[in-house]
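Participant: To start, I am sharing the structure in question, which I have written as C-alpha cells.
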Amino acid sequence: METVRNRGASFVLVLSALAALNLLVLLLQIVLGDFPIPAAEALHALFGAGSERFDLVVNRFRFPRALVAFLAGAGLALSGTILQGITRNPLASPGVLGLNSGAALAAVGCMVLAPGVPVAMLPFAAFAGALLAALLSYALAWRRGLSPVRLVLVGVGIAASAGAVVSFLLTFTDLAQAKAAVIWMSGSVYGRSWEHFWPLLPWLAVGFPVALLLSRSLDVLQLGDSLATGLGTKLERVRALLLLVAVASAGAAVAMAGTIGFVGLMAPHLARFIVGSMSRRLLPAAVLTGGLLVNAADLLGRTVAAPLEIPCGILIALIGAPYMVYLLFKKRNQ
Amino acid sequence: MRPAGIVIGLLLVAFCLVVSIAFGKQAISLSEVYRSIFEFNGSREHLIVRTVRVPRALIAMAVGACLAMAGAIMQAVTRNALAGPELFGVNQGAAFLIVIHLYLMGGVSGSSAIAYAFVGAGAAGLTVYLLGTMGASGLTPLKLIVAGATINLLLGALTQGILVFDERSLDTMRFWLAGSLTGRSTSLFAEVAPYMLIGVAGALIMGRQINLLSLGEETAQGLGLRTGLVKALSLLAVVLLAGSSVAIAGPIGFVGLAVPHIVRYLVGQDYRWVLPYSALAGAALLLTADIAARFIVPSQEVSAGVVTAVLGAPFLIYLAQRRA
C-alpha cells in the first residue's frame, strides 16, 4: 500500500511539474517578442487590469496564440497515445496512419476551392477528412484481424495520395492562397487568435474526458483481442469510440494549427518514459507534454530568428526525426 | 516469347508517344504531326508540336522508364517488395536539394541543379537503407516503411520551411513539386539525358549481377559475386536514374514501386528481362498518365504526378494486403 500511495504522490508531482512548465512557457510566450512586455504588466493585462498599451498585444495576439499552440499539441498527443494503444504499435501516430494528410487535404480543399468558408468550419472539414482517412486505413488493413504492419503501410499509401492531391491543389490557385496553404501545412500558429481557440476547445474538452473514462479499456485492448474479449471488454465498440476520439482530436488540431508531424509520436513516448504505460496516467501526462512541445517550439521559432518566424511544425520535425531514428535504433532487433 | 514482348513493348511506347503528341487542348492530325517534323513550315500547329508536345512526350517517356528501372533495381537489391524511389526518400531527397538550389541560385537551370538532385537522391536513399537495415533482422517491411516515412516527413517539412520563407521559390516550385510535365525546360532535359542514358545502360549491363544479388547476399557471395561493389554500382545507377528524373519532372511517385511488380508478374524473376521490360512499361505508364492528366479536369491540367499517385496508392494497399 505504501508504495502505491508513493507512486500516486509522485504521479501528482510529475503532473504538477508538467503543468507548471506549461504555465512558464505560456508566460514566456506572452512576455517575449518584438515588443517585450514586463511580466507584471502581462499579468495585469491577463486579468483585465492592464494598461491599454499592452492589453491588445497580450489579449488579442499572444495569449490566444499560445493557447491554440497548447491545444493543438495536446490534441495530437491525445490522438497519438490512443492510436499507439489500439494498434499496439509504438510507432503509430496520426501522421503515419494518414490522419494528418486526410485532415490536410480536406482543409486545403476548403481553403482553395471555397475560400469563403468561415474558420470555425475548418475543424469540421478536417475532422471529416481525418475520419475518412482513418476509416479507409482501418477497413483496408482489416483482413481477419488487424496487423500493425498492414495498418502502417495502408496509412502511408493514403498519406501519399492525399499529399499528391494537396500539391495539385496548390497549383490550382493563386500565389497568395498557395502561400497561405503552405504556411498552414508546415504547421504554424502564426496569427491564431480567439476565433481559432474557441472552435478548437470543445473537441478536446469532450475528447479528453471520454478517453480518460475509457482508459481502463485502452489498457485491456493492449493485451490482445482474444484476451480483451475474455476479460469482458466490448471490443469493437470501445475500439471504435477510442478511434473516433483520436480522429476528432487530431482533425481539430490539424485544422487550426496545420500538419504538425511527430508530436503525436513523441509526446506519448516521452510521457510513458516519465509516468509508465498505464493509460489513466499516461493520457494526462501525454497531453501536457504535447502542449508543452508545440508551445515551446512556437516560442523558439518566434524568437530565435526574429523578425523571421520559423513555423513550429518545422522545428518539431527537426527534433522529431532524430528522435524517431533513435526509436528505430533502440527497437532494431525486434 | 520474351524478345517478342520487347518488340510489342516498343510498339506500345511508340503508339503512346504519337497519341501524346497528337492529343491535347488542340487536337492535331497525324499527317500534320508528320509534316511538322519533316516539312516544318512555322505554322502555329507546327510550333505547338515542335516546342510543346514533342519535348513533353519525350520527357514523360524518359522519366517513366528511368523511375521504373530505379524501382526494379532497388527491389532486387533490397529483396523488398516495397522498395522504390518514393518510400526510400530518393525522390523527396532530390526534391529538397533542388528547392535549396533554387533558393540559393534564384532559378532551376544548368548542371548544378542536376548535381544537387544527385546528392539529395543518394544521401536520402542511403540514409533510409542504413536505418532500415539496422539490427539482426535486416530490412523488414515495417522498418523500411517507418524509416522511409520518417525521412520523407523530415525532408517534406524542410522543403516547406524554405517555401514559406521564399515566395518566389514557391511560385516556381509548386508546379514542379506536383510532378507536372507541362512546360519543362528542354535545355535542362538535354543536360540530364546523358546521365539517364548512362544509368539505363549501366542497369542493363548489370542485369546478371543484379539477378545474383536478388537471390540474397550470402548466395550471391557464394557464387563469387563481389556484393559490395555491385551494391555500390546499383546505388549509383539508382541515383543517376531517379535523380535526373526528379531534376527534370519533379517527384513523381509510384511508377518506380508499381511497374516492377507488374513486369515480374508478366516475365518472371529474371532481372535481365525485368529491367528492359520495366523501362518500356514505365515509359508507357507515364505517357498514359500524362495524356489522362490533360482530360480529367476540363478547365485545368492535372499534373502527371497526381495521376500516378492516385493510381499508385491502391496498388500499395493491394501489396500491403497481400504481403504483410
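Each chain in the C-alpha cells gets a letter, A, B and so on, in the order shown; residues start at 1 in every chain, and ligands are counted from 1 in the order they appear.
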What are the residues of chain B that have an atom within 8 Å of an atom of chain A, counting only C-alpha atoms, as number ranges by chain?
Facilitator: B: 131, 134-137, 141-143, 145-147, 149-151, 153-154, 157-158, 160-161, 163-164, 167, 170-171, 174-175, 177-178, 300, 302-303, 305-306, 309-310, 312-314, 316-317, 320-321, 324
Participant: Could you list, as a PyMOL selection string, every residue within 7 Å of Leu83 of chain A, counting only C-alpha atoms and ignoring same-chain residues fewer than 4 positions away?
Facilitator: chain A and resi 79+87+92-93+246
Participant: Write down as a ChimeraX atom specification the residues belonging to segment 84-268 of chain B that are assigned helix (DSSP H, G or I) by DSSP computed on the backbone.
Facilitator: /B:90-105,110-133,141-165,167-177,186-205,207-213,217-222,227-249,255-267
Participant: One number please: atom CA of Ile30 of chain A to atom CA of Phe61 of chain A, in Å, one decimal.
Facilitator: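 According to the coordinates, atom CA of Ile30 of chain A and atom CA of Phe61 of chain A are separated by 8.7 Å.
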Participant: Could you check how far atom CA of Ala76 of chain B sits from atom CA of Asn211 of chain B, in Å to one decimal?
Facilitator: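 Distance reported for this atom pair: 7.4 Å.
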Participant: As a PyMOL selection string, please: the residues near Gly106 of chain B (cut-off 9 Å, only C-alpha atoms, same-chain neighbours under 4 positions excluded).
Facilitator: chain B and resi 101-102+168-169
Participant: Could you give me, as a PDB file with C-alpha atoms, in the first residue's frame, the residues within 10 Å of Arg302 of chain A, counting only C-alpha atoms and dropping anything in the same chain fewer than 3 positions from it?
Facilitator:
ATOM      1  CA  GLN A  29       5.095  33.356 -24.870  1.00  0.00           C
ATOM      2  CA  LEU A  32       8.866  37.711 -25.118  1.00  0.00           C
ATOM      3  CA  GLY A  33       8.727  39.015 -28.658  1.00  0.00           C
ATOM      4  CA  ASP A  34       9.481  42.014 -30.863  1.00  0.00           C
ATOM      5  CA  TYR A 190       1.062  32.386 -36.677  1.00  0.00           C
ATOM      6  CA  ALA A 296       7.941  25.659 -26.687  1.00  0.00           C
ATOM      7  CA  ALA A 297       8.608  25.116 -30.395  1.00  0.00           C
ATOM      8  CA  ASP A 298       6.460  28.128 -31.229  1.00  0.00           C
ATOM      9  CA  LEU A 299       8.255  30.254 -28.648  1.00  0.00           C
ATOM     10  CA  ALA A 305      15.406  34.292 -35.779  1.00  0.00           C
ATOM     11  CA  ALA A 306      13.171  37.326 -35.195  1.00  0.00           C
ATOM     12  CA  PRO A 307      11.761  39.093 -37.141  1.00  0.00           C
ATOM     13  CA  LEU A 308      11.544  35.914 -39.226  1.00  0.00           C
ATOM     14  CA  GLU A 309       9.158  33.317 -37.863  1.00  0.00           C
ATOM     15  CA  ILE A 310      10.054  29.670 -38.185  1.00  0.00           C
ATOM     16  CA  PRO A 311       6.815  27.640 -38.216  1.00  0.00           C
ATOM     17  CA  CYS A 312       6.703  25.430 -35.122  1.00  0.00           C
TER      18      CYS A 312
END
Participant: Determine, counting only C-alpha atoms, which protein, DNA and RNA residues have an atom within 8 Å of an atom of Tyr271 of chain B; residues of the same chain fewer than 5 positions away are not included. Present the result as a ChimeraX atom specification.
Facilitator: /B:207-208,210-211
Participant: Create the file for the chosen residues now, containing N, CA and C atoms and written as a JSON list (two decimals), in the first residue's frame.
Facilitator:
[["chain", "number", "residue", "atom", "x", "y", "z"],
["B", 207, "GLY", "N", 22.49, -6.59, -65.36],
["B", 207, "GLY", "CA", 21.36, -7.48, -65.17],
["B", 207, "GLY", "C", 21.72, -8.80, -64.48],
["B", 208, "ARG", "N", 22.83, -9.42, -64.92],
["B", 208, "ARG", "CA", 23.20, -10.72, -64.36],
["B", 208, "ARG", "C", 23.58, -10.59, -62.89],
["B", 210, "ILE", "N", 22.70, -8.24, -60.83],
["B", 210, "ILE", "CA", 21.52, -7.90, -60.02],
["B", 210, "ILE", "C", 20.69, -9.15, -59.77],
["B", 211, "ASN", "N", 20.63, -10.02, -60.77],
["B", 211, "ASN", "CA", 19.97, -11.31, -60.58],
["B", 211, "ASN", "C", 20.53, -12.07, -59.40]]
Participant: For segment 65-73 of chain B, find every residue with an atom within 6 Å (counting only C-alpha atoms), except residues of its own chain fewer than 5 positions away, and show them as number ranges by chain.
Facilitator: B: 84, 238, 241-242, 255-257, 259-260, 275, 278-279, 282-283
Participant: Using only C-alpha atoms, determine which residues lie at most 9 Å from Ser245 of chain B, disregarding the query and same-chain residues fewer than 6 positions distant; provide the list as a list in words.
Facilitator: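 Using only C-alpha atoms, the neighbours found are Ile59, Ala62, Val63, Gly64, Cys66, Leu67, Asn91, Val192, Met196, Pro251 and Ile252 of chain B.
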Participant: Separation of atom CA of Val238 of chain A and atom CA of Leu212 of chain A, in Å?
Facilitator: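 Interatomic distance, atom CA of Val238 of chain A to atom CA of Leu212 of chain A: 12.5 Å.
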